[in-house]
$ cat model_0.cif   # mmCIF, C-alpha atoms and all ligand atoms
data_protein
loop_
_atom_site.label_atom_id
_atom_site.label_comp_id
_atom_site.auth_asym_id
_atom_site.auth_seq_id
_atom_site.Cartn_x
_atom_site.Cartn_y
_atom_site.Cartn_z
CA MET A 272 357.01 156.71 76.55
CA GLN A 273 359.51 154.51 78.29
CA VAL A 274 359.33 154.57 82.08
CA LEU A 275 362.77 154.44 83.58
CA SER A 276 363.54 152.59 86.73
CA ALA A 277 364.89 155.33 88.94
CA SER A 278 365.84 153.82 92.27
CA TRP A 279 369.02 155.92 92.32
CA ARG A 280 366.92 159.08 92.64
CA THR A 281 366.70 160.74 96.02
CA ASP A 282 364.02 163.20 97.22
CA LYS A 283 366.50 166.00 97.00
CA PHE A 284 368.86 165.93 94.02
CA MET A 285 372.42 165.85 95.17
CA ARG A 286 375.86 165.82 93.66
CA TYR A 287 378.28 163.83 95.78
CA ALA A 288 382.06 163.67 95.55
CA PHE A 289 383.78 160.57 96.97
CA ILE A 290 387.38 160.58 98.10
CA SER A 291 389.39 157.72 99.60
CA ASP A 292 392.91 156.54 100.40
CA ILE A 293 394.43 159.98 100.84
CA HIS A 294 397.29 158.53 102.90
CA ALA A 295 398.48 161.84 104.32
CA ASN A 296 399.28 163.23 100.86
CA LEU A 297 398.33 166.89 101.39
CA GLU A 298 399.29 168.12 97.91
CA ALA A 299 397.02 165.50 96.32
CA LEU A 300 394.16 166.24 98.73
CA GLU A 301 394.35 170.01 98.15
CA ALA A 302 394.39 169.51 94.37
CA VAL A 303 391.34 167.24 94.60
CA PHE A 304 389.43 169.68 96.79
CA ALA A 305 390.24 172.48 94.31
CA ASP A 306 388.85 170.32 91.51
CA ILE A 307 385.74 169.47 93.55
CA GLU A 308 385.12 173.24 93.83
CA THR A 309 384.62 173.33 90.05
CA GLN A 310 382.08 170.48 90.01
CA ASN A 311 378.97 171.90 91.76
CA VAL A 312 379.21 169.28 94.48
CA ASN A 313 376.80 169.44 97.46
CA GLU A 314 378.49 166.91 99.69
CA VAL A 315 381.94 165.33 99.97
CA ILE A 316 382.20 161.81 101.42
CA CYS A 317 385.47 160.25 102.57
CA LEU A 318 385.81 156.45 102.53
CA GLY A 319 388.87 156.24 104.76
CA ASP A 320 392.64 155.77 104.93
CA ILE A 321 393.23 159.46 105.50
CA VAL A 322 396.64 158.67 107.02
CA GLY A 323 399.57 156.28 106.54
CA TYR A 324 402.47 156.58 103.98
CA GLY A 325 402.54 160.38 103.63
CA ALA A 326 404.01 163.27 105.61
CA ASN A 327 400.88 165.29 106.51
CA PRO A 328 398.43 163.17 108.53
CA ASN A 329 397.33 166.01 110.84
CA GLU A 330 396.75 168.50 108.01
CA CYS A 331 394.80 165.96 105.93
CA VAL A 332 392.57 164.98 108.87
CA GLU A 333 391.92 168.65 109.65
CA LEU A 334 390.87 169.40 106.06
CA ILE A 335 388.64 166.34 105.85
CA SER A 336 387.02 166.99 109.22
CA LYS A 337 386.03 170.44 107.93
CA ARG A 338 384.95 169.49 104.42
CA CYS A 339 383.42 166.02 104.56
CA ALA A 340 379.81 165.30 105.56
CA ILE A 341 380.61 161.62 106.07
CA SER A 342 384.01 160.18 106.92
CA LEU A 343 384.74 156.47 107.44
CA LEU A 344 387.51 154.47 109.08
CA GLY A 345 390.20 152.84 106.92
CA ASN A 346 392.62 150.11 108.01
CA HIS A 347 395.60 152.51 108.08
CA ASP A 348 393.60 154.98 110.20
CA ALA A 349 392.71 152.12 112.56
CA ALA A 350 396.34 150.96 112.78
CA ALA A 351 397.63 154.49 113.41
CA VAL A 352 395.45 154.78 116.53
CA ASP A 353 396.03 151.18 117.70
CA ILE A 354 392.51 149.93 116.93
CA LEU A 355 394.14 147.46 114.51
CA SER A 356 397.44 145.59 114.83
CA THR A 357 399.94 146.00 111.97
CA GLN A 358 400.78 142.27 111.95
CA HIS A 359 399.24 141.83 108.47
CA PHE A 360 400.82 145.02 107.07
CA ASN A 361 403.88 144.78 104.83
CA ILE A 362 407.16 146.22 106.09
CA HIS A 363 406.77 149.58 104.27
CA ALA A 364 403.28 150.09 105.62
CA LYS A 365 404.46 149.15 109.12
CA ILE A 366 407.26 151.73 109.04
CA ALA A 367 404.81 154.37 107.81
CA ILE A 368 402.27 153.56 110.52
CA GLU A 369 404.95 153.78 113.22
CA TRP A 370 405.97 157.25 112.08
CA THR A 371 402.32 158.32 111.71
CA SER A 372 401.35 157.06 115.15
CA GLU A 373 404.24 158.97 116.76
CA ASN A 374 403.35 162.17 114.91
CA LEU A 375 399.58 162.40 115.37
CA LYS A 376 398.25 165.34 117.32
CA LYS A 377 395.83 164.57 120.12
CA GLU A 378 392.85 165.97 118.20
CA THR A 379 393.80 164.01 115.06
CA ARG A 380 393.91 160.82 117.09
CA SER A 381 390.49 161.53 118.66
CA TYR A 382 388.99 162.21 115.23
CA LEU A 383 390.32 158.93 113.78
CA GLU A 384 389.27 156.90 116.83
CA ALA A 385 385.66 158.03 116.44
CA LEU A 386 385.28 157.15 112.74
CA PRO A 387 382.59 154.57 111.85
CA LEU A 388 383.21 151.57 109.57
CA LYS A 389 380.16 151.91 107.37
CA ASN A 390 377.33 154.25 106.40
CA VAL A 391 374.13 153.45 104.53
CA LYS A 392 372.70 156.47 102.78
CA PRO A 393 370.23 155.25 100.15
CA PRO A 394 370.80 154.73 97.28
CA MET A 395 374.35 154.19 98.55
CA THR A 396 376.18 151.88 100.94
CA LEU A 397 379.55 153.36 101.88
CA VAL A 398 382.46 151.39 103.30
CA HIS A 399 386.27 151.43 103.10
CA ALA A 400 387.01 147.76 102.33
CA THR A 401 384.02 145.44 101.82
CA PRO A 402 380.32 145.46 102.76
CA TYR A 403 380.88 141.93 104.12
CA GLU A 404 382.52 142.25 107.55
CA PRO A 405 384.07 145.71 106.97
CA ASN A 406 386.22 145.34 110.10
CA MET A 407 388.14 142.43 108.51
CA TRP A 408 389.61 144.64 105.75
CA TYR A 409 389.19 142.08 102.95
CA TYR A 410 390.00 143.10 99.37
CA ILE A 411 387.78 142.84 96.30
CA THR A 412 390.21 141.87 93.55
CA SER A 413 388.12 139.47 91.46
CA LEU A 414 384.59 139.15 90.08
CA GLU A 415 384.08 136.20 92.44
CA GLU A 416 384.82 138.35 95.47
CA ALA A 417 382.60 141.09 94.05
CA ALA A 418 379.73 138.61 93.50
CA PHE A 419 380.02 137.47 97.11
CA ASN A 420 379.92 141.05 98.39
CA PHE A 421 376.77 141.97 96.41
CA GLN A 422 374.88 139.80 98.94
CA PHE A 423 375.85 142.10 101.78
CA PHE A 424 374.28 145.39 100.74
CA ASP A 425 370.68 146.24 99.86
CA THR A 426 371.10 149.59 98.13
CA GLN A 427 371.54 150.07 94.39
CA LEU A 428 375.09 151.35 94.80
CA CYS A 429 377.99 150.38 97.02
CA LEU A 430 381.07 152.59 97.04
CA VAL A 431 384.40 151.33 98.37
CA GLY A 432 388.12 152.23 98.43
CA HIS A 433 391.00 150.11 99.83
CA THR A 434 392.59 148.60 96.67
CA HIS A 435 393.46 152.04 95.20
CA ILE A 436 392.23 150.78 91.82
CA PRO A 437 389.15 152.44 90.30
CA ILE A 438 386.63 149.96 88.91
CA ILE A 439 382.89 149.79 88.26
CA ILE A 440 381.33 146.32 88.62
CA VAL A 441 377.76 145.81 87.41
CA LEU A 442 375.27 143.17 88.51
CA ASP A 443 372.46 143.43 85.96
CA LYS A 444 368.84 142.36 86.33
CA GLU A 445 369.64 138.99 84.66
CA LYS A 446 372.13 138.51 87.52
CA GLU A 447 375.04 138.78 85.12
CA LEU A 448 378.17 140.28 86.60
CA TYR A 449 380.69 142.27 84.57
CA VAL A 450 383.26 145.06 84.68
CA HIS A 451 381.99 148.27 83.09
CA GLN A 452 384.55 149.28 80.46
CA ASP A 453 384.33 153.05 80.84
CA THR A 454 385.16 155.72 83.41
CA SER A 455 381.57 156.92 83.63
CA ILE A 456 378.21 155.19 83.82
CA ARG A 457 374.64 156.41 83.47
CA LEU A 458 372.24 154.41 85.62
CA SER A 459 369.35 154.97 83.20
CA THR A 460 371.22 152.91 80.60
CA VAL A 461 371.76 149.97 82.96
CA GLN A 462 368.24 149.78 84.36
CA GLU A 463 367.65 147.79 87.53
CA SER A 464 371.36 147.00 87.75
CA ARG A 465 373.27 147.28 90.98
CA LEU A 466 376.79 148.67 91.07
CA LEU A 467 379.87 148.06 93.18
CA ILE A 468 382.21 150.99 92.58
CA ASN A 469 385.78 151.37 93.74
CA ILE A 470 386.37 155.11 93.73
CA GLY A 471 390.18 154.89 93.45
CA SER A 472 392.79 156.72 95.53
CA VAL A 473 393.54 160.40 96.07
CA GLY A 474 397.00 160.03 97.59
CA GLN A 475 398.47 156.83 96.16
CA PRO A 476 396.83 155.67 92.89
CA ARG A 477 397.86 152.16 91.83
CA ASP A 478 396.32 151.84 88.37
CA ARG A 479 399.45 153.02 86.52
CA ASN A 480 398.12 156.56 86.46
CA SER A 481 399.87 158.85 88.92
CA LYS A 482 397.07 161.44 88.93
CA SER A 483 394.77 161.57 91.96
CA CYS A 484 391.49 159.78 91.45
CA TYR A 485 388.07 160.50 92.91
CA GLY A 486 384.41 159.95 91.96
CA ILE A 487 381.26 162.01 91.50
CA PHE A 488 377.65 160.80 91.60
CA ASP A 489 374.73 162.97 90.52
CA SER A 490 371.41 161.70 91.93
CA ASP A 491 369.46 163.80 89.42
CA THR A 492 371.01 162.49 86.21
CA GLY A 493 371.99 159.12 87.71
CA GLU A 494 375.50 159.58 86.38
CA TYR A 495 378.65 158.38 88.13
CA PHE A 496 382.06 159.38 86.78
CA TYR A 497 385.72 159.60 87.78
CA ARG A 498 387.89 162.69 87.86
CA ARG A 499 391.70 162.55 87.56
CA VAL A 500 393.72 165.44 88.97
CA SER A 501 397.43 166.30 88.70
CA TYR A 502 399.25 167.46 91.80
CA ASN A 503 402.79 168.41 92.81
CA ILE A 504 404.27 164.91 93.23
CA ASP A 505 407.83 166.28 93.63
CA LYS A 506 406.79 168.28 96.69
CA THR A 507 405.06 165.27 98.28
CA GLN A 508 408.10 163.08 97.60
CA ALA A 509 410.52 165.66 99.06
CA LYS A 510 408.51 165.74 102.29
CA MET A 511 408.48 161.94 102.49
CA LYS A 512 412.26 161.86 101.96
CA LYS A 513 412.71 164.32 104.78
CA ILE A 514 410.89 162.10 107.26
CA LYS A 515 412.78 159.04 105.93
CA MET A 516 409.87 157.08 104.48
CA PRO A 517 410.97 153.93 102.57
CA GLU A 518 412.18 154.68 99.03
CA PHE A 519 409.60 152.28 97.57
CA LEU A 520 406.74 154.38 98.97
CA ILE A 521 408.27 157.54 97.51
CA THR A 522 408.91 156.28 93.96
CA ARG A 523 405.60 154.44 93.61
CA LEU A 524 403.77 157.80 93.60
CA GLU A 525 405.27 158.89 90.27
CA ASP A 526 404.59 155.46 88.73
CA GLY A 527 401.03 155.22 90.03
CA ARG A 528 401.50 151.67 91.25
ZN ZN B 601 394.65 152.60 101.40
#

$ encode --input "model_0.cif" --output "structure tokens"
Amino acid sequence: MQVLSASWRTDKFMRYAFISDIHANLEALEAVFADIETQNVNEVICLGDIVGYGANPNECVELISKRCAISLLGNHDAAAVDILSTQHFNIHAKIAIEWTSENLKKETRSYLEALPLKNVKPPMTLVHATPYEPNMWYYITSLEEAAFNFQFFDTQLCLVGHTHIPIIIVLDKEKELYVHQDTSIRLSTVQESRLLINIGSVGQPRDRNSKSCYGIFDSDTGEYFYRRVSYNIDKTQAKMKKIKMPEFLITRLEDGR
């Protein structure tokens, strides 16, 4: 009988859901939580950017504070509470952060200010941007950048958000690095590999698919997979129009870009 390497297994089998880059899109977040309800999930983990761009920062933070076991700081969260300057943000993001900052309730602000940058929960390292210097908000947009970042976590899995583009990158036991060409992966079939997974975005997907994206990991079966969920984009866009968000931010939702 073949003995499987099972470093993904935890003492207690758990099913985790990972959400990220909600960006104050309440309709998307509610739709995702409704979908999570159907998936026998034990714990929901948020990888940051709860606010910025959308019209419901306070409502999204309230929901996440109630439902998520772990919640991490994103760069838009940091900018909204003045932990981070918006000097490297583009003009649309700057306008959105200004509105967000002015409209945060006191308790929302306190919640965001207290969020940590990183959490290590074996077999997972969790971070918004990159395991290397998470407070610098670098992006992983190439295999080279991914290879570099594999040196900065020790667990079998690292889950990130930030680019809004779901991707599974595998470093196998021969040290070969490649993009996994499927939306699910079973760890028993890629033995002794380590994975860097971008879980995609709930509130502003940018992979040409307008549906909300989130991930699930089952520590019993060793399976990771994505879920895509439709939500009422028209309603989200109408709210953004009402608060005068830039047109580009409104239309990009329906295009998923
Ligand atoms: Zn984001």

$ residues_near_ligand --input "model_0.cif" --ligand "ligand ZN 601 (chain B)" --cutoff "9 Å" --atoms "only C-alpha atoms and all ligand atoms" --output "PDB file with C-alpha atoms, keeping the file's coordinate frame"
ATOM      1  CA  SER A 291     389.390 157.720  99.600  1.00  0.00           C
ATOM      2  CA  ASP A 292     392.910 156.540 100.400  1.00  0.00           C
ATOM      3  CA  ILE A 293     394.430 159.980 100.840  1.00  0.00           C
ATOM      4  CA  HIS A 294     397.290 158.530 102.900  1.00  0.00           C
ATOM      5  CA  GLY A 319     388.870 156.240 104.760  1.00  0.00           C
ATOM      6  CA  ASP A 320     392.640 155.770 104.930  1.00  0.00           C
ATOM      7  CA  ILE A 321     393.230 159.460 105.500  1.00  0.00           C
ATOM      8  CA  VAL A 322     396.640 158.670 107.020  1.00  0.00           C
ATOM      9  CA  GLY A 323     399.570 156.280 106.540  1.00  0.00           C
ATOM     10  CA  GLY A 345     390.200 152.840 106.920  1.00  0.00           C
ATOM     11  CA  ASN A 346     392.620 150.110 108.010  1.00  0.00           C
ATOM     12  CA  HIS A 347     395.600 152.510 108.080  1.00  0.00           C
ATOM     13  CA  HIS A 399     386.270 151.430 103.100  1.00  0.00           C
ATOM     14  CA  GLY A 432     388.120 152.230  98.430  1.00  0.00           C
ATOM     15  CA  HIS A 433     391.000 150.110  99.830  1.00  0.00           C
ATOM     16  CA  THR A 434     392.590 148.600  96.670  1.00  0.00           C
ATOM     17  CA  HIS A 435     393.460 152.040  95.200  1.00  0.00           C
ATOM     18  CA  SER A 472     392.790 156.720  95.530  1.00  0.00           C
ATOM     19  CA  GLY A 474     397.000 160.030  97.590  1.00  0.00           C
ATOM     20  CA  GLN A 475     398.470 156.830  96.160  1.00  0.00           C
TER      21      GLN A 475
END

$ atom_distance --input "model_0.cif" --atom1 "CA of Ala350 in chain A" --atom2 "CA of Glu525 in chain A"
25.5 Å

$ residues_around --input "model_0.cif" --residues "His363 in chain A" --least-positions-apart "5" --cutoff "12 Å" --atoms "only C-alpha atoms" --output "NGL selection string"
:A and (323-325 or 357 or 368-370 or 515-521 or 523)

$ write_last_selection --input "model_0.cif" --atoms "C-alpha atoms" --output "compact mmCIF listing (two decimals), keeping the file's coordinate frame"
# COMPACT_ATOMS: atom_id res chain seq x y z
CA GLY A 323 399.57 156.28 106.54
CA TYR A 324 402.47 156.58 103.98
CA GLY A 325 402.54 160.38 103.63
CA THR A 357 399.94 146.00 111.97
CA ILE A 368 402.27 153.56 110.52
CA GLU A 369 404.95 153.78 113.22
CA TRP A 370 405.97 157.25 112.08
CA LYS A 515 412.78 159.04 105.93
CA MET A 516 409.87 157.08 104.48
CA PRO A 517 410.97 153.93 102.57
CA GLU A 518 412.18 154.68 99.03
CA PHE A 519 409.60 152.28 97.57
CA LEU A 520 406.74 154.38 98.97
CA ILE A 521 408.27 157.54 97.51
CA ARG A 523 405.60 154.44 93.61

$ closest_atom_pairs --input "model_0.cif" --of "range 279-332 of chain A" --to "range 371-394 of chain A" --cutoff "7 Å" --atoms "only C-alpha atoms" --output "tab-separated table"
residue	atom	partner	partner_atom	distance
A:Trp279	CA	A:Pro394	CA	5.4
A:Gly323	CA	A:Thr371	CA	6.2
A:Pro328	CA	A:Leu375	CA	7.0
A:Asn329	CA	A:Thr379	CA	5.9
A:Val332	CA	A:Thr379	CA	6.4

$ residues_around --input "model_0.cif" --residues "Val312 in chain A" --least-positions-apart "2" --cutoff "12 Å" --atoms "only C-alpha atoms" --output "PyMOL selection string"
chain A and resi 284-289+304-310+314-316+338-340+486-490

$ closest_residue --input "model_0.cif" --among "A:Ile440, A:Val450, A:Ile335, A:Leu467" --to "Thr401 in chain A" --atoms "all atoms listed in the file"
A:Leu467

$ closest_residue --input "model_0.cif" --among "A:Ile468, A:Asp425, A:Ala351, A:Arg280" --to "Leu318 in chain A" --atoms "only C-alpha atoms"
A:Ile468

$ atom_distance --input "model_0.cif" --atom1 "CA of Pro402 in chain A" --atom2 "CA of Phe423 in chain A"
5.7 Å
